[in-house]
$ cat input.pdb   # PDB, C-alpha atoms and all ligand atoms
ATOM      1  CA  MET C   1      20.990   0.796  -2.674  1.00  0.00           C
ATOM      2  CA  ASP C   2      19.828   3.395  -0.144  1.00  0.00           C
ATOM      3  CA  LEU C   3      16.195   3.952  -1.055  1.00  0.00           C
ATOM      4  CA  LYS C   4      15.780   6.616   1.635  1.00  0.00           C
ATOM      5  CA  SER C   5      18.228   8.836  -0.247  1.00  0.00           C
ATOM      6  CA  LEU C   6      15.872   8.759  -3.253  1.00  0.00           C
ATOM      7  CA  ILE C   7      12.791   9.798  -1.240  1.00  0.00           C
ATOM      8  CA  ARG C   8      12.399  13.579  -0.936  1.00  0.00           C
ATOM      9  CA  ASP C   9      11.255  15.058   2.374  1.00  0.00           C
ATOM     10  CA  ILE C  10       8.893  17.997   2.017  1.00  0.00           C
ATOM     11  CA  PRO C  11       8.284  19.800   5.325  1.00  0.00           C
ATOM     12  CA  ASP C  12       4.893  21.221   6.258  1.00  0.00           C
ATOM     13  CA  PHE C  13       2.974  19.469   3.459  1.00  0.00           C
ATOM     14  CA  PRO C  14       0.035  19.068   3.207  1.00  0.00           C
ATOM     15  CA  LYS C  15      -0.065  21.015   6.479  1.00  0.00           C
ATOM     16  CA  PRO C  16       2.308  22.466   9.104  1.00  0.00           C
ATOM     17  CA  GLY C  17       4.132  19.821  11.120  1.00  0.00           C
ATOM     18  CA  ILE C  18       3.808  17.052   8.541  1.00  0.00           C
ATOM     19  CA  VAL C  19       6.966  15.877   6.746  1.00  0.00           C
ATOM     20  CA  PHE C  20       5.693  14.515   3.428  1.00  0.00           C
ATOM     21  CA  ARG C  21       7.723  11.539   2.168  1.00  0.00           C
ATOM     22  CA  ASP C  22       7.694  12.179  -1.579  1.00  0.00           C
ATOM     23  CA  ILE C  23       8.187   9.060  -3.656  1.00  0.00           C
ATOM     24  CA  THR C  24       8.117  10.864  -7.011  1.00  0.00           C
ATOM     25  CA  THR C  25      11.906  11.307  -6.805  1.00  0.00           C
ATOM     26  CA  LEU C  26      12.283   7.550  -6.278  1.00  0.00           C
ATOM     27  CA  LEU C  27      10.004   6.804  -9.232  1.00  0.00           C
ATOM     28  CA  ARG C  28      11.969   9.169 -11.445  1.00  0.00           C
ATOM     29  CA  ASP C  29      15.212   7.231 -10.869  1.00  0.00           C
ATOM     30  CA  PRO C  30      15.349   4.221 -13.252  1.00  0.00           C
ATOM     31  CA  GLN C  31      17.712   2.177 -11.085  1.00  0.00           C
ATOM     32  CA  GLY C  32      15.828   3.133  -7.918  1.00  0.00           C
ATOM     33  CA  LEU C  33      12.479   2.112  -9.401  1.00  0.00           C
ATOM     34  CA  ARG C  34      13.812  -1.199 -10.654  1.00  0.00           C
ATOM     35  CA  TYR C  35      15.577  -1.930  -7.353  1.00  0.00           C
ATOM     36  CA  THR C  36      12.430  -1.095  -5.332  1.00  0.00           C
ATOM     37  CA  ILE C  37      10.246  -3.569  -7.186  1.00  0.00           C
ATOM     38  CA  ASP C  38      12.972  -6.235  -7.294  1.00  0.00           C
ATOM     39  CA  ILE C  39      13.739  -6.039  -3.559  1.00  0.00           C
ATOM     40  CA  PHE C  40      10.023  -5.816  -2.714  1.00  0.00           C
ATOM     41  CA  ALA C  41       9.398  -9.063  -4.609  1.00  0.00           C
ATOM     42  CA  GLU C  42      12.468 -10.703  -3.052  1.00  0.00           C
ATOM     43  CA  LYS C  43      11.335  -9.846   0.486  1.00  0.00           C
ATOM     44  CA  CYS C  44       7.813 -11.150  -0.178  1.00  0.00           C
ATOM     45  CA  ILE C  45       9.233 -14.442  -1.460  1.00  0.00           C
ATOM     46  CA  ASP C  46      11.757 -14.691   1.379  1.00  0.00           C
ATOM     47  CA  ALA C  47       8.927 -14.096   3.879  1.00  0.00           C
ATOM     48  CA  GLY C  48       6.994 -16.966   2.337  1.00  0.00           C
ATOM     49  CA  LEU C  49       4.089 -14.691   1.366  1.00  0.00           C
ATOM     50  CA  LYS C  50       2.291 -16.767  -1.237  1.00  0.00           C
ATOM     51  CA  ALA C  51      -0.439 -14.604  -2.787  1.00  0.00           C
ATOM     52  CA  ASP C  52      -2.829 -15.202  -5.662  1.00  0.00           C
ATOM     53  CA  TYR C  53      -3.436 -11.457  -5.995  1.00  0.00           C
ATOM     54  CA  ILE C  54      -1.957  -8.117  -5.017  1.00  0.00           C
ATOM     55  CA  VAL C  55      -4.518  -5.555  -3.813  1.00  0.00           C
ATOM     56  CA  GLY C  56      -3.370  -1.932  -4.084  1.00  0.00           C
ATOM     57  CA  MET C  57      -5.086   1.245  -2.888  1.00  0.00           C
ATOM     58  CA  GLU C  58      -5.655   4.345  -4.983  1.00  0.00           C
ATOM     59  CA  SER C  59      -3.565   5.996  -5.900  1.00  0.00           C
ATOM     60  CA  ARG C  60       0.031   5.374  -4.878  1.00  0.00           C
ATOM     61  CA  GLY C  61      -0.744   1.749  -4.096  1.00  0.00           C
ATOM     62  CA  PHE C  62      -1.356   1.318  -7.824  1.00  0.00           C
ATOM     63  CA  ILE C  63       2.096   2.618  -8.646  1.00  0.00           C
ATOM     64  CA  PHE C  64       3.872  -0.094  -6.653  1.00  0.00           C
ATOM     65  CA  GLY C  65       1.273  -2.855  -6.501  1.00  0.00           C
ATOM     66  CA  THR C  66       0.963  -3.326 -10.238  1.00  0.00           C
ATOM     67  CA  PRO C  67       4.666  -3.832 -11.075  1.00  0.00           C
ATOM     68  CA  LEU C  68       5.011  -6.036  -7.993  1.00  0.00           C
ATOM     69  CA  ALA C  69       2.111  -8.199  -9.233  1.00  0.00           C
ATOM     70  CA  TYR C  70       3.819  -8.403 -12.633  1.00  0.00           C
ATOM     71  CA  LYS C  71       7.107  -9.389 -11.012  1.00  0.00           C
ATOM     72  CA  LEU C  72       5.428 -12.046  -8.856  1.00  0.00           C
ATOM     73  CA  GLY C  73       3.336 -13.357 -11.756  1.00  0.00           C
ATOM     74  CA  VAL C  74      -0.024 -12.698 -10.055  1.00  0.00           C
ATOM     75  CA  GLY C  75      -3.068 -10.479 -10.731  1.00  0.00           C
ATOM     76  CA  PHE C  76      -3.602  -6.931  -9.456  1.00  0.00           C
ATOM     77  CA  ILE C  77      -6.870  -5.712  -7.931  1.00  0.00           C
ATOM     78  CA  PRO C  78      -7.444  -1.939  -7.498  1.00  0.00           C
ATOM     79  CA  VAL C  79      -9.140  -0.578  -4.377  1.00  0.00           C
ATOM     80  CA  ARG C  80     -10.484   2.815  -5.432  1.00  0.00           C
ATOM     81  CA  LYS C  81     -11.929   5.966  -3.952  1.00  0.00           C
ATOM     82  CA  PRO C  82     -15.751   6.245  -4.087  1.00  0.00           C
ATOM     83  CA  GLY C  83     -17.662   6.286  -7.371  1.00  0.00           C
ATOM     84  CA  LYS C  84     -14.771   5.265  -9.596  1.00  0.00           C
ATOM     85  CA  LEU C  85     -15.421   1.551 -10.174  1.00  0.00           C
ATOM     86  CA  PRO C  86     -18.099   0.713 -12.795  1.00  0.00           C
ATOM     87  CA  ALA C  87     -19.444  -2.607 -11.498  1.00  0.00           C
ATOM     88  CA  ALA C  88     -21.057  -3.555  -8.167  1.00  0.00           C
ATOM     89  CA  VAL C  89     -18.740  -2.758  -5.259  1.00  0.00           C
ATOM     90  CA  HIS C  90     -18.115  -3.477  -1.641  1.00  0.00           C
ATOM     91  CA  SER C  91     -17.482  -0.273   0.294  1.00  0.00           C
ATOM     92  CA  VAL C  92     -15.801   0.495   3.597  1.00  0.00           C
ATOM     93  CA  GLU C  93     -15.737   3.801   5.472  1.00  0.00           C
ATOM     94  CA  TYR C  94     -12.786   4.626   7.653  1.00  0.00           C
ATOM     95  CA  GLU C  95     -11.669   7.344  10.006  1.00  0.00           C
ATOM     96  CA  LEU C  96      -9.360  10.132   8.941  1.00  0.00           C
ATOM     97  CA  GLU C  97      -7.753  12.673  11.241  1.00  0.00           C
ATOM     98  CA  TYR C  98     -10.728  14.915  10.414  1.00  0.00           C
ATOM     99  CA  GLY C  99     -13.838  13.119   9.142  1.00  0.00           C
ATOM    100  CA  THR C 100     -14.089   9.864   7.243  1.00  0.00           C
ATOM    101  CA  ASP C 101     -13.197   8.489   3.820  1.00  0.00           C
ATOM    102  CA  CYS C 102     -14.385   5.496   1.840  1.00  0.00           C
ATOM    103  CA  LEU C 103     -12.724   2.808  -0.265  1.00  0.00           C
ATOM    104  CA  GLU C 104     -14.369   0.454  -2.752  1.00  0.00           C
ATOM    105  CA  MET C 105     -13.550  -2.796  -4.532  1.00  0.00           C
ATOM    106  CA  HIS C 106     -15.460  -4.732  -7.184  1.00  0.00           C
ATOM    107  CA  GLN C 107     -17.566  -7.445  -5.578  1.00  0.00           C
ATOM    108  CA  ASP C 108     -16.422  -9.899  -8.258  1.00  0.00           C
ATOM    109  CA  ALA C 109     -12.725  -8.974  -8.015  1.00  0.00           C
ATOM    110  CA  LEU C 110     -11.750 -11.912  -5.820  1.00  0.00           C
ATOM    111  CA  HIS C 111     -13.014 -15.410  -5.135  1.00  0.00           C
ATOM    112  CA  PRO C 112     -13.471 -16.471  -1.507  1.00  0.00           C
ATOM    113  CA  ASN C 113     -10.293 -18.138  -0.185  1.00  0.00           C
ATOM    114  CA  SER C 114      -8.085 -16.210  -2.641  1.00  0.00           C
ATOM    115  CA  ARG C 115      -4.766 -15.361  -0.980  1.00  0.00           C
ATOM    116  CA  VAL C 116      -4.200 -11.606  -0.997  1.00  0.00           C
ATOM    117  CA  LEU C 117      -1.190  -9.389  -0.326  1.00  0.00           C
ATOM    118  CA  ILE C 118      -2.160  -5.758   0.325  1.00  0.00           C
ATOM    119  CA  VAL C 119       0.337  -3.207  -1.029  1.00  0.00           C
ATOM    120  CA  ASP C 120       0.605   0.545  -0.632  1.00  0.00           C
ATOM    121  CA  ASP C 121       3.371   3.104  -0.871  1.00  0.00           C
ATOM    122  CA  LEU C 122       3.172   4.114   2.783  1.00  0.00           C
ATOM    123  CA  ILE C 123       1.626   3.288   6.152  1.00  0.00           C
ATOM    124  CA  ALA C 124       1.045   6.168   8.584  1.00  0.00           C
ATOM    125  CA  THR C 125      -1.885   5.572  10.997  1.00  0.00           C
ATOM    126  CA  GLY C 126      -2.777   2.287   9.267  1.00  0.00           C
ATOM    127  CA  GLY C 127      -6.328   3.470   8.588  1.00  0.00           C
ATOM    128  CA  THR C 128      -6.185   2.903   4.837  1.00  0.00           C
ATOM    129  CA  ALA C 129      -4.527  -0.512   5.113  1.00  0.00           C
ATOM    130  CA  SER C 130      -6.892  -1.638   7.872  1.00  0.00           C
ATOM    131  CA  ALA C 131      -9.945  -0.566   5.834  1.00  0.00           C
ATOM    132  CA  THR C 132      -8.628  -2.462   2.811  1.00  0.00           C
ATOM    133  CA  ALA C 133      -8.088  -5.577   4.928  1.00  0.00           C
ATOM    134  CA  SER C 134     -11.723  -5.432   6.052  1.00  0.00           C
ATOM    135  CA  LEU C 135     -12.826  -5.172   2.419  1.00  0.00           C
ATOM    136  CA  ILE C 136     -11.059  -8.356   1.367  1.00  0.00           C
ATOM    137  CA  GLN C 137     -12.126 -10.157   4.510  1.00  0.00           C
ATOM    138  CA  LYS C 138     -15.770  -9.292   3.659  1.00  0.00           C
ATOM    139  CA  ILE C 139     -15.345 -11.586   0.635  1.00  0.00           C
ATOM    140  CA  GLY C 140     -13.755 -14.346   2.705  1.00  0.00           C
ATOM    141  CA  CYS C 141     -10.282 -13.977   1.231  1.00  0.00           C
ATOM    142  CA  GLU C 142      -7.112 -14.958   3.064  1.00  0.00           C
ATOM    143  CA  LEU C 143      -4.935 -11.967   3.907  1.00  0.00           C
ATOM    144  CA  VAL C 144      -1.347 -13.218   3.650  1.00  0.00           C
ATOM    145  CA  GLY C 145       0.321  -9.903   4.548  1.00  0.00           C
ATOM    146  CA  PHE C 146       0.983  -6.239   3.871  1.00  0.00           C
ATOM    147  CA  GLY C 147       3.761  -4.587   1.902  1.00  0.00           C
ATOM    148  CA  PHE C 148       4.712  -0.921   2.117  1.00  0.00           C
ATOM    149  CA  ILE C 149       7.611   1.008   0.640  1.00  0.00           C
ATOM    150  CA  ILE C 150       7.553   3.419   3.603  1.00  0.00           C
ATOM    151  CA  GLU C 151       6.540   2.908   7.236  1.00  0.00           C
ATOM    152  CA  LEU C 152       6.171   5.878   9.585  1.00  0.00           C
ATOM    153  CA  ARG C 153       7.019   3.956  12.750  1.00  0.00           C
ATOM    154  CA  ASP C 154       6.192   6.758  15.180  1.00  0.00           C
ATOM    155  CA  LEU C 155       2.508   6.631  14.126  1.00  0.00           C
ATOM    156  CA  GLN C 156       2.378   2.921  15.076  1.00  0.00           C
ATOM    157  CA  GLY C 157       0.091   2.035  12.154  1.00  0.00           C
ATOM    158  CA  ARG C 158       0.975  -1.641  12.642  1.00  0.00           C
ATOM    159  CA  LYS C 159      -1.120  -1.668  15.790  1.00  0.00           C
ATOM    160  CA  ASN C 160      -4.229  -1.119  13.658  1.00  0.00           C
ATOM    161  CA  LEU C 161      -3.527  -4.039  11.331  1.00  0.00           C
ATOM    162  CA  PRO C 162      -4.429  -7.708  11.549  1.00  0.00           C
ATOM    163  CA  ASP C 163      -1.723 -10.046  12.869  1.00  0.00           C
ATOM    164  CA  VAL C 164      -0.088 -10.981   9.555  1.00  0.00           C
ATOM    165  CA  PRO C 165       3.438 -10.352   8.191  1.00  0.00           C
ATOM    166  CA  ILE C 166       4.208  -6.758   7.288  1.00  0.00           C
ATOM    167  CA  ILE C 167       7.043  -5.863   4.919  1.00  0.00           C
ATOM    168  CA  SER C 168       8.286  -2.279   4.739  1.00  0.00           C
ATOM    169  CA  LEU C 169      11.397  -1.237   2.819  1.00  0.00           C
ATOM    170  CA  VAL C 170      12.103   2.171   4.409  1.00  0.00           C
ATOM    171  CA  GLU C 171      11.301   3.274   7.949  1.00  0.00           C
ATOM    172  CA  TYR C 172      11.137   6.766   9.454  1.00  0.00           C
TER     173      TYR C 172
HETATM  174  O1  LIG L   1      -1.840   4.877   7.048  1.00  0.00           O
HETATM  175  P1  LIG L   1      -2.760   6.037   6.697  1.00  0.00           P
HETATM  176  O2  LIG L   1      -2.832   7.067   7.789  1.00  0.00           O
HETATM  177  O3  LIG L   1      -4.106   5.597   6.203  1.00  0.00           O
HETATM  178  O4  LIG L   1      -2.060   6.849   5.499  1.00  0.00           O
HETATM  179  C1  LIG L   1      -1.475   6.165   4.413  1.00  0.00           C
HETATM  180  C2  LIG L   1      -2.242   6.454   3.130  1.00  0.00           C
HETATM  181  O5  LIG L   1      -2.165   7.867   2.813  1.00  0.00           O
HETATM  182  C3  LIG L   1      -1.724   8.040   1.460  1.00  0.00           C
HETATM  183  O6  LIG L   1      -2.760   7.983   0.530  1.00  0.00           O
HETATM  184  P2  LIG L   1      -3.758   9.235   0.233  1.00  0.00           P
HETATM  185  O7  LIG L   1      -5.084   8.860   0.765  1.00  0.00           O
HETATM  186  O8  LIG L   1      -3.114  10.476   0.727  1.00  0.00           O
HETATM  187  O9  LIG L   1      -3.965   9.265  -1.306  1.00  0.00           O
HETATM  188  P3  LIG L   1      -3.003   9.193  -2.593  1.00  0.00           P
HETATM  189  O10 LIG L   1      -2.363   7.808  -2.551  1.00  0.00           O
HETATM  190  O11 LIG L   1      -3.954   9.348  -3.728  1.00  0.00           O
HETATM  191  O12 LIG L   1      -1.981  10.275  -2.517  1.00  0.00           O
HETATM  192  C4  LIG L   1      -0.846   6.832   1.209  1.00  0.00           C
HETATM  193  O13 LIG L   1      -0.698   6.552  -0.188  1.00  0.00           O
HETATM  194  C5  LIG L   1      -1.585   5.719   1.955  1.00  0.00           C
HETATM  195  O14 LIG L   1      -2.596   5.154   1.145  1.00  0.00           O
HETATM  196  N1  LIG L   2       3.949  11.803   5.847  1.00  0.00           N
HETATM  197  C1  LIG L   2       3.386  11.304   4.724  1.00  0.00           C
HETATM  198  N2  LIG L   2       4.097  11.357   3.565  1.00  0.00           N
HETATM  199  C2  LIG L   2       3.557  10.863   2.424  1.00  0.00           C
HETATM  200  N3  LIG L   2       2.342  10.315   2.346  1.00  0.00           N
HETATM  201  C3  LIG L   2       1.614  10.241   3.484  1.00  0.00           C
HETATM  202  N4  LIG L   2       0.373   9.738   3.728  1.00  0.00           N
HETATM  203  C4  LIG L   2       0.115   9.905   5.044  1.00  0.00           C
HETATM  204  N5  LIG L   2       1.139  10.494   5.665  1.00  0.00           N
HETATM  205  C5  LIG L   2       2.098  10.728   4.709  1.00  0.00           C
END
$ encode --input "input.pdb" --output "structure tokens"
Amino acid sequence: MDLKSLIRDIPDFPKPGIVFRDITTLLRDPQGLRYTIDIFAEKCIDAGLKADYIVGMESRGFIFGTPLAYKLGVGFIPVRKPGKLPAAVHSVEYELEYGTDCLEMHQDALHPNSRVLIVDDLIATGGTASATASLIQKIGCELVGFGFIIELRDLQGRKNLPDVPIISLVEY
């Protein structure tokens, strides 16, 4: 199945010059959604990525990370934008094109030495994924790899990530 054909390209969103890779059209397609999660799980297994938990970033990381965790038979841990999680959190600030943003995770979400696969819908600069990796490493967890539906290769986000396996299903 050609997943790229199910992803809608929206030019000049959210600003001129950006081509927004819209996954809502993929999610809307029952066969496309099922295939995405099935092939994602298959590639993780084939790559030997043995995780105890999937960590997904708000918000589109939730959309793919949770069904992948279900498929792999492991737990899902949300990494959320500031002020959303009710219990004590670890926080990490990271650079955006303009300014900074922050991500948070419950301090008690993971035990040290838990094996974690970080999942998001897309990697662009790698800032979000890199910040999430630093969060789980703060707790002493083992980062087994990253999984993305979409990788924007020209932005070279991989260069900002730790040296672990990276799975991406669709590249631009
Ligand atoms: O590699 P980067 O340059 O960090 O960009 C990738 C991130 O940007 C998008 O999330 P966004 O923060 O736009 O929020 P959303 O998921 O709520 O739409 C996307 O879902 C990734 O998390
Ligand atoms: N081009 C893009 N399309 C969709 N989500 C994004 N997040 C960062 N860059 C993006």
$ residues_near_ligand --input "input.pdb" --ligand "ligand LIG 1 (chain L)" --cutoff "7 Å" --atoms "all atoms listed in the file" --output "PyMOL selection string"
chain C and resi 57-61+120-129+157
$ residues_near_ligand --input "input.pdb" --ligand "ligand LIG 2 (chain L)" --cutoff "9 Å" --atoms "only C-alpha atoms and all ligand atoms" --output "ChimeraX atom specification"
/C:9-10,13-14,18-23,121-125,150,152
$ resolve_selection --input "input.pdb" --expression "the PyMOL selection byres (((chain C and resi 90-94) around 9) and not hetatm)" --output "ChimeraX atom specification"
/C:82,88-89,95-96,99-107,127-128,130-132,134-135,138-139
$ resolve_selection --input "input.pdb" --expression "the PyMOL selection byres (((chain C and resi 145) around 12) and not hetatm)" --output "number ranges by chain"
C: 43-45, 47-55, 115-120, 129-130, 132-133, 136, 141-144, 146-148, 158, 161-168
$ closest_atom_pairs --input "input.pdb" --of "region 55-104 of chain C" --to "region 27-40 of chain C" --cutoff "10 Å" --atoms "all atoms listed in the file" --output "Markdown table"
| residue | atom | partner | partner_atom | distance |
| --- | --- | --- | --- | --- |
| C:Ile63 | CA | C:Leu27 | CA | 9.0 |
| C:Phe64 | CA | C:Ile37 | CA | 7.3 |
| C:Gly65 | CA | C:Ile37 | CA | 9.0 |
| C:Thr66 | CA | C:Ile37 | CA | 9.8 |
| C:Pro67 | CA | C:Ile37 | CA | 6.8 |
| C:Leu68 | CA | C:Ile37 | CA | 5.8 |
| C:Ala69 | CA | C:Ile37 | CA | 9.6 |
| C:Tyr70 | CA | C:Ile37 | CA | 9.7 |
| C:Lys71 | CA | C:Asp38 | CA | 7.6 |
| C:Leu72 | CA | C:Asp38 | CA | 9.6 |
$ axis_aligned_box --input "input.pdb" --around "region 48-66 of chain C" --padding-each-side "6 Å" --output "AutoDock Vina command-line options"
--center_x 0.7 --center_y -5.5 --center_z -4.0 --size_x 24.6 --size_y 35.0 --size_z 24.6
$ atom_distance --input "input.pdb" --atom1 "CA of Leu26 (chain C)" --atom2 "CA of Val170 (chain C)"
12.0 Å
$ decode --input "input.pdb" --residues "region 52-130 of chain C" --atoms "C-alpha atoms" --output "PDB file, in the first residue's frame"
ATOM      1  CA  ASP C  52       8.750  -2.229  27.399  1.00  0.00           C
ATOM      2  CA  TYR C  53       6.933   1.026  26.621  1.00  0.00           C
ATOM      3  CA  ILE C  54       6.063   3.320  23.743  1.00  0.00           C
ATOM      4  CA  VAL C  55       6.476   7.036  24.513  1.00  0.00           C
ATOM      5  CA  GLY C  56       4.443   9.346  22.266  1.00  0.00           C
ATOM      6  CA  MET C  57       4.426  13.145  22.087  1.00  0.00           C
ATOM      7  CA  GLU C  58       1.332  15.324  22.166  1.00  0.00           C
ATOM      8  CA  SER C  59      -0.582  15.365  20.099  1.00  0.00           C
ATOM      9  CA  ARG C  60      -0.073  13.395  16.902  1.00  0.00           C
ATOM     10  CA  GLY C  61       2.341  11.054  18.645  1.00  0.00           C
ATOM     11  CA  PHE C  62      -0.640   9.879  20.692  1.00  0.00           C
ATOM     12  CA  ILE C  63      -2.569   8.992  17.565  1.00  0.00           C
ATOM     13  CA  PHE C  64       0.043   6.504  16.351  1.00  0.00           C
ATOM     14  CA  GLY C  65       1.862   5.576  19.549  1.00  0.00           C
ATOM     15  CA  THR C  66      -1.166   4.216  21.358  1.00  0.00           C
ATOM     16  CA  PRO C  67      -2.364   1.727  18.706  1.00  0.00           C
ATOM     17  CA  LEU C  68       1.248   0.688  18.119  1.00  0.00           C
ATOM     18  CA  ALA C  69       1.636  -0.023  21.856  1.00  0.00           C
ATOM     19  CA  TYR C  70      -1.583  -2.057  21.724  1.00  0.00           C
ATOM     20  CA  LYS C  71      -0.332  -3.992  18.707  1.00  0.00           C
ATOM     21  CA  LEU C  72       3.036  -4.684  20.351  1.00  0.00           C
ATOM     22  CA  GLY C  73       1.441  -5.598  23.687  1.00  0.00           C
ATOM     23  CA  VAL C  74       3.271  -2.892  25.673  1.00  0.00           C
ATOM     24  CA  GLY C  75       2.268   0.214  27.671  1.00  0.00           C
ATOM     25  CA  PHE C  76       1.939   3.759  26.317  1.00  0.00           C
ATOM     26  CA  ILE C  77       3.353   6.823  28.078  1.00  0.00           C
ATOM     27  CA  PRO C  78       2.193  10.316  26.982  1.00  0.00           C
ATOM     28  CA  VAL C  79       4.658  13.205  26.769  1.00  0.00           C
ATOM     29  CA  ARG C  80       2.496  16.318  27.016  1.00  0.00           C
ATOM     30  CA  LYS C  81       2.689  20.048  26.512  1.00  0.00           C
ATOM     31  CA  PRO C  82       3.154  22.118  29.707  1.00  0.00           C
ATOM     32  CA  GLY C  83       0.597  22.101  32.517  1.00  0.00           C
ATOM     33  CA  LYS C  84      -1.450  19.173  31.258  1.00  0.00           C
ATOM     34  CA  LEU C  85      -0.216  16.287  33.426  1.00  0.00           C
ATOM     35  CA  PRO C  86      -1.664  16.131  36.979  1.00  0.00           C
ATOM     36  CA  ALA C  87       1.175  14.475  38.904  1.00  0.00           C
ATOM     37  CA  ALA C  88       4.820  15.500  39.416  1.00  0.00           C
ATOM     38  CA  VAL C  89       6.605  15.887  36.080  1.00  0.00           C
ATOM     39  CA  HIS C  90       9.989  16.084  34.497  1.00  0.00           C
ATOM     40  CA  SER C  91      10.177  18.972  32.041  1.00  0.00           C
ATOM     41  CA  VAL C  92      12.439  19.767  29.113  1.00  0.00           C
ATOM     42  CA  GLU C  93      12.634  23.000  27.123  1.00  0.00           C
ATOM     43  CA  TYR C  94      13.650  22.878  23.503  1.00  0.00           C
ATOM     44  CA  GLU C  95      14.329  25.257  20.665  1.00  0.00           C
ATOM     45  CA  LEU C  96      11.748  26.074  18.037  1.00  0.00           C
ATOM     46  CA  GLU C  97      12.367  28.051  14.868  1.00  0.00           C
ATOM     47  CA  TYR C  98      11.209  31.097  16.854  1.00  0.00           C
ATOM     48  CA  GLY C  99      11.446  30.779  20.643  1.00  0.00           C
ATOM     49  CA  THR C 100      11.242  27.671  22.782  1.00  0.00           C
ATOM     50  CA  ASP C 101       8.665  25.078  23.795  1.00  0.00           C
ATOM     51  CA  CYS C 102       8.447  22.622  26.661  1.00  0.00           C
ATOM     52  CA  LEU C 103       7.462  18.975  27.033  1.00  0.00           C
ATOM     53  CA  GLU C 104       6.603  17.113  30.232  1.00  0.00           C
ATOM     54  CA  MET C 105       6.304  13.519  31.414  1.00  0.00           C
ATOM     55  CA  HIS C 106       5.167  12.079  34.741  1.00  0.00           C
ATOM     56  CA  GLN C 107       8.155  11.387  36.971  1.00  0.00           C
ATOM     57  CA  ASP C 108       6.655   8.011  37.905  1.00  0.00           C
ATOM     58  CA  ALA C 109       5.783   7.019  34.322  1.00  0.00           C
ATOM     59  CA  LEU C 110       8.819   4.803  33.801  1.00  0.00           C
ATOM     60  CA  HIS C 111      11.183   2.776  35.948  1.00  0.00           C
ATOM     61  CA  PRO C 112      14.926   3.229  35.410  1.00  0.00           C
ATOM     62  CA  ASN C 113      16.231   0.702  32.855  1.00  0.00           C
ATOM     63  CA  SER C 114      12.820   0.448  31.146  1.00  0.00           C
ATOM     64  CA  ARG C 115      13.299   0.007  27.394  1.00  0.00           C
ATOM     65  CA  VAL C 116      11.539   2.789  25.500  1.00  0.00           C
ATOM     66  CA  LEU C 117      10.607   3.319  21.856  1.00  0.00           C
ATOM     67  CA  ILE C 118       9.773   6.957  21.071  1.00  0.00           C
ATOM     68  CA  VAL C 119       7.006   7.401  18.478  1.00  0.00           C
ATOM     69  CA  ASP C 120       5.668  10.451  16.686  1.00  0.00           C
ATOM     70  CA  ASP C 121       3.829  11.106  13.454  1.00  0.00           C
ATOM     71  CA  LEU C 122       6.643  13.131  11.906  1.00  0.00           C
ATOM     72  CA  ILE C 123      10.255  14.234  12.301  1.00  0.00           C
ATOM     73  CA  ALA C 124      11.246  17.606  10.817  1.00  0.00           C
ATOM     74  CA  THR C 125      14.171  19.291  12.652  1.00  0.00           C
ATOM     75  CA  GLY C 126      14.247  16.526  15.285  1.00  0.00           C
ATOM     76  CA  GLY C 127      13.787  19.036  18.106  1.00  0.00           C
ATOM     77  CA  THR C 128      10.706  17.370  19.570  1.00  0.00           C
ATOM     78  CA  ALA C 129      12.134  13.850  19.350  1.00  0.00           C
ATOM     79  CA  SER C 130      15.492  14.927  20.778  1.00  0.00           C
TER      80      SER C 130
END
